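Peer 1: Take a look at this one; I'll ask things after.
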Amino acid sequence: QVQLVESGGGLVQAGGSLRLSCAASGRTFGTYVMGWFRQAPGKEREFVAAISGSALYTDFANAVKGRFTISRDNAKKMGYLQMNNLKPEDTAVYYCASGGATYYRRPDDYRTEKSYDYWGQGTQVTVSS
């Protein structure tokens, strides 16, 4: 079993920043891909960012590219999503997820929910205009 706990969400004004954290327990965190997804009210959950187990590969959704960064500290079993220049459309519940491999051969696999075995409970991010 793997447990993932997100933190760091909150209310911020447009243009502000937040740093989300994902604390992992239960297995060797550094072995697996980590992803961040989000779900806005009335919308389907969507891919935000992903990082390979070694942190050599990262991927971002077009909507957040250049504003968000993803990182991890495998020794601490922590993952992070730094969100800068936040916009009202970034308002959503953000979930971290742990994948089933150290890396994926196909870039699209990083963006697919079915590539991830474990999910956190989510943390709310609200961006006011």
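Here's how to read the names in the structure tokens: chain A, B, ... by the order shown, residue numbers from 1 in each chain, ligand numbers from 1 in the order shown.
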Just the residues within 8 Å of Gly30 (chain A), please, counting only C-alpha atoms, with nothing from its chain fewer than 3 positions along; format it as a PyMOL selection string.
Peer 2: chain A and resi 33+53-54+74-75+77+102
Peer 1: Going by DSSP on the backbone, which residues of chain A come out as strand (DSSP E or B)? List them as number ranges by chain.
Peer 2: A: 3-7, 10-13, 18-25, 34-39, 46-51, 58-60, 68-73, 78-83, 92-99, 116-119, 123-128
Peer 1: Residues within 10 Å of Arg72 (chain A), please, as a ChimeraX atom specification. Count only C-alpha atoms; anything in the same chain fewer than 4 positions from it doesn't count.
Peer 2: /A:21-22,29-30,34,51-55,76-81
Peer 1: Compile the contact shell of Gly16 (chain A) as a list in words: residues with an atom at most 12 Å away, counting only C-alpha atoms, same-chain residues fewer than 6 positions apart removed.
Peer 2: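 The residues satisfying every condition are Gly10, Arg67, Phe68, Gln82, Met83, Asn84, Asn85, Leu86, Lys87, Pro88, Asp90, Val125, Thr126, Val127, Ser128 and Ser129 of chain A.
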Peer 1: List the neighbours of Gln1 (chain A) out to 10 Å using only C-alpha atoms; skip same-chain residues closer than 3 positions along the sequence, and give me the result as a list in words.
Peer 2: Ser25, Gly26, Arg27, Asp117 and Tyr118 of chain A
Peer 1: Taking into account only C-alpha atoms, which residue in the set A:Val12, A:Val93, A:Ala50, A:Ala61 is nearest to Gly35 (chain A)?
Peer 2: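 Using only C-alpha atoms, the shortest distance to Gly35 (chain A) belongs to A:Ala50.
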Peer 1: Which residues, written as a PyMOL selection string, have at least one atom at most 8 Å from Leu4 (chain A), with only C-alpha atoms counted and residues fewer than 3 positions away on the same chain left out?
Peer 2: chain A and resi 22-25+96-97+118-121
Peer 1: With a distance cut-off of 12 Å and only C-alpha atoms, select the neighbouring residues of Phe47 (chain A), excluding the residue or stretch itself and same-chain residues fewer than 6 positions from it, and output the selection as a ChimeraX atom specification.
Peer 2: /A:34-40,59-65,92-97,108-116
Peer 1: Those selected residues, please, written with N, CA and C atoms and delivered as a short mmCIF file (atom, residue, chain, number, x, y, z; two decimals), in the first residue's frame.
Peer 2:
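Everything below was put into result05.cif:
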```cif
data_model
loop_
_atom_site.label_atom_id
_atom_site.label_comp_id
_atom_site.auth_asym_id
_atom_site.auth_seq_id
_atom_site.Cartn_x
_atom_site.Cartn_y
_atom_site.Cartn_z
N MET A 34 5.87 10.33 -10.42
CA MET A 34 4.91 11.09 -9.63
C MET A 34 4.22 12.09 -10.54
N GLY A 35 2.93 12.20 -10.37
CA GLY A 35 2.17 13.14 -11.19
C GLY A 35 1.28 14.03 -10.33
N TRP A 36 0.92 15.17 -10.89
CA TRP A 36 -0.06 16.05 -10.30
C TRP A 36 -1.21 16.23 -11.30
N PHE A 37 -2.41 16.11 -10.78
CA PHE A 37 -3.62 16.31 -11.57
C PHE A 37 -4.51 17.29 -10.83
N ARG A 38 -5.49 17.82 -11.52
CA ARG A 38 -6.41 18.73 -10.85
C ARG A 38 -7.82 18.54 -11.41
N GLN A 39 -8.79 18.89 -10.57
CA GLN A 39 -10.18 18.80 -10.99
C GLN A 39 -10.92 20.05 -10.54
N ALA A 40 -11.40 20.80 -11.50
CA ALA A 40 -12.19 22.00 -11.23
C ALA A 40 -13.67 21.61 -11.11
N ASP A 59 7.23 16.82 -17.32
CA ASP A 59 6.25 17.14 -18.35
C ASP A 59 5.19 18.03 -17.74
N PHE A 60 4.68 18.95 -18.53
CA PHE A 60 3.69 19.90 -18.03
C PHE A 60 2.56 20.06 -19.04
N ALA A 61 1.38 20.27 -18.52
CA ALA A 61 0.27 20.62 -19.39
C ALA A 61 0.53 22.01 -19.98
N ASN A 62 0.06 22.23 -21.17
CA ASN A 62 0.29 23.53 -21.83
C ASN A 62 -0.23 24.69 -20.98
N ALA A 63 -1.32 24.46 -20.27
CA ALA A 63 -1.94 25.54 -19.50
C ALA A 63 -1.07 26.04 -18.36
N VAL A 64 -0.12 25.23 -17.92
CA VAL A 64 0.70 25.62 -16.78
C VAL A 64 2.17 25.76 -17.12
N LYS A 65 2.53 25.43 -18.34
CA LYS A 65 3.93 25.46 -18.74
C LYS A 65 4.48 26.88 -18.59
N ALA A 92 -8.95 24.67 -8.42
CA ALA A 92 -9.28 23.25 -8.54
C ALA A 92 -8.82 22.52 -7.29
N VAL A 93 -9.23 21.27 -7.19
CA VAL A 93 -8.63 20.37 -6.21
C VAL A 93 -7.44 19.71 -6.90
N TYR A 94 -6.29 19.76 -6.26
CA TYR A 94 -5.07 19.22 -6.82
C TYR A 94 -4.73 17.89 -6.14
N TYR A 95 -4.43 16.90 -6.97
CA TYR A 95 -4.12 15.56 -6.48
C TYR A 95 -2.71 15.17 -6.91
N CYS A 96 -1.98 14.55 -6.00
CA CYS A 96 -0.74 13.91 -6.42
C CYS A 96 -1.01 12.42 -6.59
N ALA A 97 -0.21 11.81 -7.44
CA ALA A 97 -0.41 10.40 -7.76
C ALA A 97 0.94 9.74 -7.97
N ASP A 108 3.03 10.26 -23.51
CA ASP A 108 1.60 10.32 -23.21
C ASP A 108 1.25 9.54 -21.95
N ASP A 109 2.05 8.55 -21.62
CA ASP A 109 1.75 7.75 -20.43
C ASP A 109 1.87 8.57 -19.15
N TYR A 110 2.69 9.60 -19.17
CA TYR A 110 2.80 10.45 -17.99
C TYR A 110 1.52 11.24 -17.77
N ARG A 111 0.75 11.45 -18.80
CA ARG A 111 -0.44 12.29 -18.74
C ARG A 111 -1.73 11.51 -18.53
N THR A 112 -1.61 10.20 -18.47
CA THR A 112 -2.81 9.36 -18.41
C THR A 112 -3.07 8.89 -16.99
N GLU A 113 -4.29 9.08 -16.53
CA GLU A 113 -4.63 8.69 -15.15
C GLU A 113 -4.41 7.21 -14.90
N LYS A 114 -4.67 6.39 -15.87
CA LYS A 114 -4.56 4.95 -15.66
C LYS A 114 -3.11 4.51 -15.46
N SER A 115 -2.15 5.40 -15.71
CA SER A 115 -0.75 5.08 -15.46
C SER A 115 -0.38 5.19 -13.98
N TYR A 116 -1.29 5.68 -13.18
CA TYR A 116 -1.02 5.95 -11.76
C TYR A 116 -1.83 5.01 -10.87
#
```
Peer 1: Name the residues of region 11-125 of chain A that come out as alpha helix (DSSP H) in a backbone DSSP run; write them as a PyMOL selection string.
Peer 2: chain A and resi 107-110
